[in-house]
Amino acid sequence: MASRLKKPSLSLAGLSTLCFRRIRRLFLVVSISGLALAGCGFEAMYRADNLRTDILSELAVPDSRLGRQLERALRGRLVPSPDAPWSATIVLEETRENMQLDSQGVAQRSRLRHRLTLTLKSSRTGKTRVVVFQEEQFFDRGNSGADEMARVRALRALAINQLTDKLTSFLQTLAPHPEPAQTLADKS
């Protein structure tokens, strides 16, 4: 009795048919999952929505681990322009507070707080404006020191991304609004 299942032949035509079927299935799965994600409101974490270039003339970020992370997160989202009305200086702080101590004084839970202080200086009037953004996360003590360090690194990256989103949203509100276009009736 012959077998119902046919094995693909090892000829060039058989291999190309097998690969084509797999590629077609993969394309179908990727396109359906893309539609499903779009339908549920999924928004990509890394967007290409650049800020307008006429907001900041310069941006001073601290030369520290947090500053470099912030600079990487802002790269491509914020491009300074020499004609812009504001210059900005950023100060980043990270504090870790131990909470819920056990009977031996070892922290079972900690709070990680990130604070971004933005100082804006107007190039026209010289006035300054200070705005503070803050992110706070809690985490439980890990089984090992390496596990705890990995959690802190992940929470730090999350906080920097959220602070970047808050910062760019705030800076977008400072963008000068273009004057409305004149109509032909206004010109005559």
# chains A, B, ... in the order shown; residues from 1 in each chain; ligands from 1
$ closest_atom_pairs --of "stretch 109-154 of chain A" --to "stretch 53-69 of chain A" --cutoff "12 Å" --atoms "only C-alpha atoms" --output "JSON lines"
{"residue": "A:His114", "atom": "CA", "partner": "A:Leu66", "partner_atom": "CA", "distance": 9.5}
{"residue": "A:Arg115", "atom": "CA", "partner": "A:Leu66", "partner_atom": "CA", "distance": 10.6}
{"residue": "A:Leu116", "atom": "CA", "partner": "A:Gly67", "partner_atom": "CA", "distance": 10.0}
{"residue": "A:Thr117", "atom": "CA", "partner": "A:Val61", "partner_atom": "CA", "distance": 10.6}
{"residue": "A:Leu118", "atom": "CA", "partner": "A:Val61", "partner_atom": "CA", "distance": 9.8}
{"residue": "A:Thr119", "atom": "CA", "partner": "A:Ala60", "partner_atom": "CA", "distance": 9.8}
{"residue": "A:Leu120", "atom": "CA", "partner": "A:Leu56", "partner_atom": "CA", "distance": 9.0}
{"residue": "A:Lys121", "atom": "CA", "partner": "A:Leu56", "partner_atom": "CA", "distance": 9.6}
{"residue": "A:Ser122", "atom": "CA", "partner": "A:Leu56", "partner_atom": "CA", "distance": 9.5}
{"residue": "A:Ser123", "atom": "CA", "partner": "A:Ser57", "partner_atom": "CA", "distance": 8.6}
{"residue": "A:Arg124", "atom": "CA", "partner": "A:Ser57", "partner_atom": "CA", "distance": 11.7}
{"residue": "A:Arg153", "atom": "CA", "partner": "A:Leu66", "partner_atom": "CA", "distance": 10.8}
$ write_last_selection --atoms "N, CA, C and O atoms" --output "PDB file, in the first residue's frame"
ATOM      1  N   HIS A 114      13.811  58.754  39.121  1.00  0.00           N
ATOM      2  CA  HIS A 114      14.586  59.523  38.156  1.00  0.00           C
ATOM      3  C   HIS A 114      13.939  60.891  38.012  1.00  0.00           C
ATOM      4  O   HIS A 114      12.724  60.990  37.840  1.00  0.00           O
ATOM      5  N   ARG A 115      14.777  61.909  38.072  1.00  0.00           N
ATOM      6  CA  ARG A 115      14.284  63.284  38.000  1.00  0.00           C
ATOM      7  C   ARG A 115      15.061  64.018  36.913  1.00  0.00           C
ATOM      8  O   ARG A 115      16.292  64.025  36.927  1.00  0.00           O
ATOM      9  N   LEU A 116      14.343  64.622  35.987  1.00  0.00           N
ATOM     10  CA  LEU A 116      14.933  65.404  34.914  1.00  0.00           C
ATOM     11  C   LEU A 116      14.533  66.860  35.124  1.00  0.00           C
ATOM     12  O   LEU A 116      13.347  67.176  35.160  1.00  0.00           O
ATOM     13  N   THR A 117      15.516  67.718  35.319  1.00  0.00           N
ATOM     14  CA  THR A 117      15.262  69.150  35.485  1.00  0.00           C
ATOM     15  C   THR A 117      15.692  69.851  34.209  1.00  0.00           C
ATOM     16  O   THR A 117      16.870  69.800  33.834  1.00  0.00           O
ATOM     17  N   LEU A 118      14.741  70.474  33.551  1.00  0.00           N
ATOM     18  CA  LEU A 118      14.978  71.179  32.298  1.00  0.00           C
ATOM     19  C   LEU A 118      14.977  72.674  32.576  1.00  0.00           C
ATOM     20  O   LEU A 118      14.000  73.208  33.104  1.00  0.00           O
ATOM     21  N   THR A 119      16.067  73.342  32.255  1.00  0.00           N
ATOM     22  CA  THR A 119      16.148  74.796  32.399  1.00  0.00           C
ATOM     23  C   THR A 119      16.189  75.391  30.998  1.00  0.00           C
ATOM     24  O   THR A 119      17.122  75.142  30.232  1.00  0.00           O
ATOM     25  N   LEU A 120      15.160  76.149  30.686  1.00  0.00           N
ATOM     26  CA  LEU A 120      15.061  76.798  29.381  1.00  0.00           C
ATOM     27  C   LEU A 120      15.436  78.264  29.515  1.00  0.00           C
ATOM     28  O   LEU A 120      15.016  78.928  30.460  1.00  0.00           O
ATOM     29  N   LYS A 121      16.201  78.763  28.566  1.00  0.00           N
ATOM     30  CA  LYS A 121      16.568  80.171  28.557  1.00  0.00           C
ATOM     31  C   LYS A 121      16.168  80.747  27.208  1.00  0.00           C
ATOM     32  O   LYS A 121      16.548  80.231  26.159  1.00  0.00           O
ATOM     33  N   SER A 122      15.401  81.833  27.267  1.00  0.00           N
ATOM     34  CA  SER A 122      14.945  82.473  26.042  1.00  0.00           C
ATOM     35  C   SER A 122      16.095  83.271  25.435  1.00  0.00           C
ATOM     36  O   SER A 122      16.752  84.066  26.116  1.00  0.00           O
ATOM     37  N   SER A 123      16.344  83.076  24.159  1.00  0.00           N
ATOM     38  CA  SER A 123      17.417  83.818  23.497  1.00  0.00           C
ATOM     39  C   SER A 123      17.004  85.257  23.208  1.00  0.00           C
ATOM     40  O   SER A 123      17.853  86.115  23.022  1.00  0.00           O
ATOM     41  N   ARG A 124      15.725  85.521  23.221  1.00  0.00           N
ATOM     42  CA  ARG A 124      15.247  86.885  22.940  1.00  0.00           C
ATOM     43  C   ARG A 124      15.207  87.745  24.189  1.00  0.00           C
ATOM     44  O   ARG A 124      15.668  88.877  24.196  1.00  0.00           O
ATOM     45  N   ARG A 153      18.827  48.113  35.763  1.00  0.00           N
ATOM     46  CA  ARG A 153      19.166  48.557  34.405  1.00  0.00           C
ATOM     47  C   ARG A 153      17.932  48.654  33.523  1.00  0.00           C
ATOM     48  O   ARG A 153      17.756  49.620  32.783  1.00  0.00           O
TER      49      ARG A 153
END
$ select_by_dssp --residues "stretch 61-187 of chain A" --states "alpha helix (DSSP H)" --output "VMD selection string"
chain A and resid 65 to 74 145 to 173 184 to 187
$ write_last_selection --atoms "C-alpha atoms" --output "compact mmCIF listing (two decimals), in the first residue's frame"
# COMPACT_ATOMS: atom_id res chain seq x y z
CA ARG A 65 25.66 57.35 32.24
CA LEU A 66 22.11 58.74 32.47
CA GLY A 67 23.00 61.68 30.25
CA ARG A 68 24.37 59.41 27.54
CA GLN A 69 21.24 57.24 27.71
CA LEU A 70 19.06 60.34 27.36
CA GLU A 71 21.15 61.61 24.49
CA ARG A 72 20.76 58.28 22.66
CA ALA A 73 16.99 58.36 23.27
CA LEU A 74 16.76 61.93 21.95
CA GLY A 145 22.87 40.67 43.06
CA ALA A 146 23.12 40.16 39.30
CA ASP A 147 19.35 39.75 39.05
CA GLU A 148 18.81 42.95 41.00
CA MET A 149 21.31 44.86 38.84
CA ALA A 150 19.54 43.66 35.68
CA ARG A 151 16.20 44.88 37.06
CA VAL A 152 17.67 48.28 37.91
CA ARG A 153 19.17 48.56 34.41
CA ALA A 154 15.84 47.68 32.79
CA LEU A 155 13.92 50.12 35.01
CA ARG A 156 16.50 52.83 34.28
CA ALA A 157 16.08 52.34 30.52
CA LEU A 158 12.29 52.44 30.91
CA ALA A 159 12.48 55.64 32.96
CA ILE A 160 14.77 57.33 30.43
CA ASN A 161 12.38 56.44 27.58
CA GLN A 162 9.39 57.79 29.53
CA LEU A 163 11.27 60.97 30.48
CA THR A 164 12.24 61.41 26.82
CA ASP A 165 8.60 61.15 25.79
CA LYS A 166 7.57 63.70 28.43
CA LEU A 167 10.39 66.04 27.45
CA THR A 168 9.65 65.94 23.73
CA SER A 169 5.91 66.38 24.33
CA PHE A 170 6.59 69.43 26.48
CA LEU A 171 9.06 70.92 24.00
CA GLN A 172 6.52 70.47 21.21
CA THR A 173 4.19 72.84 23.11
CA LEU A 184 -6.89 86.41 -1.65
CA ALA A 185 -9.67 88.61 -0.17
CA ASP A 186 -7.31 89.80 2.61
CA LYS A 187 -4.61 90.81 0.13
$ closest_residue --among "A:Ser33, A:Thr95, A:Ser81, A:Gln108" --to "A:Gln137" --atoms "only C-alpha atoms"
A:Thr95
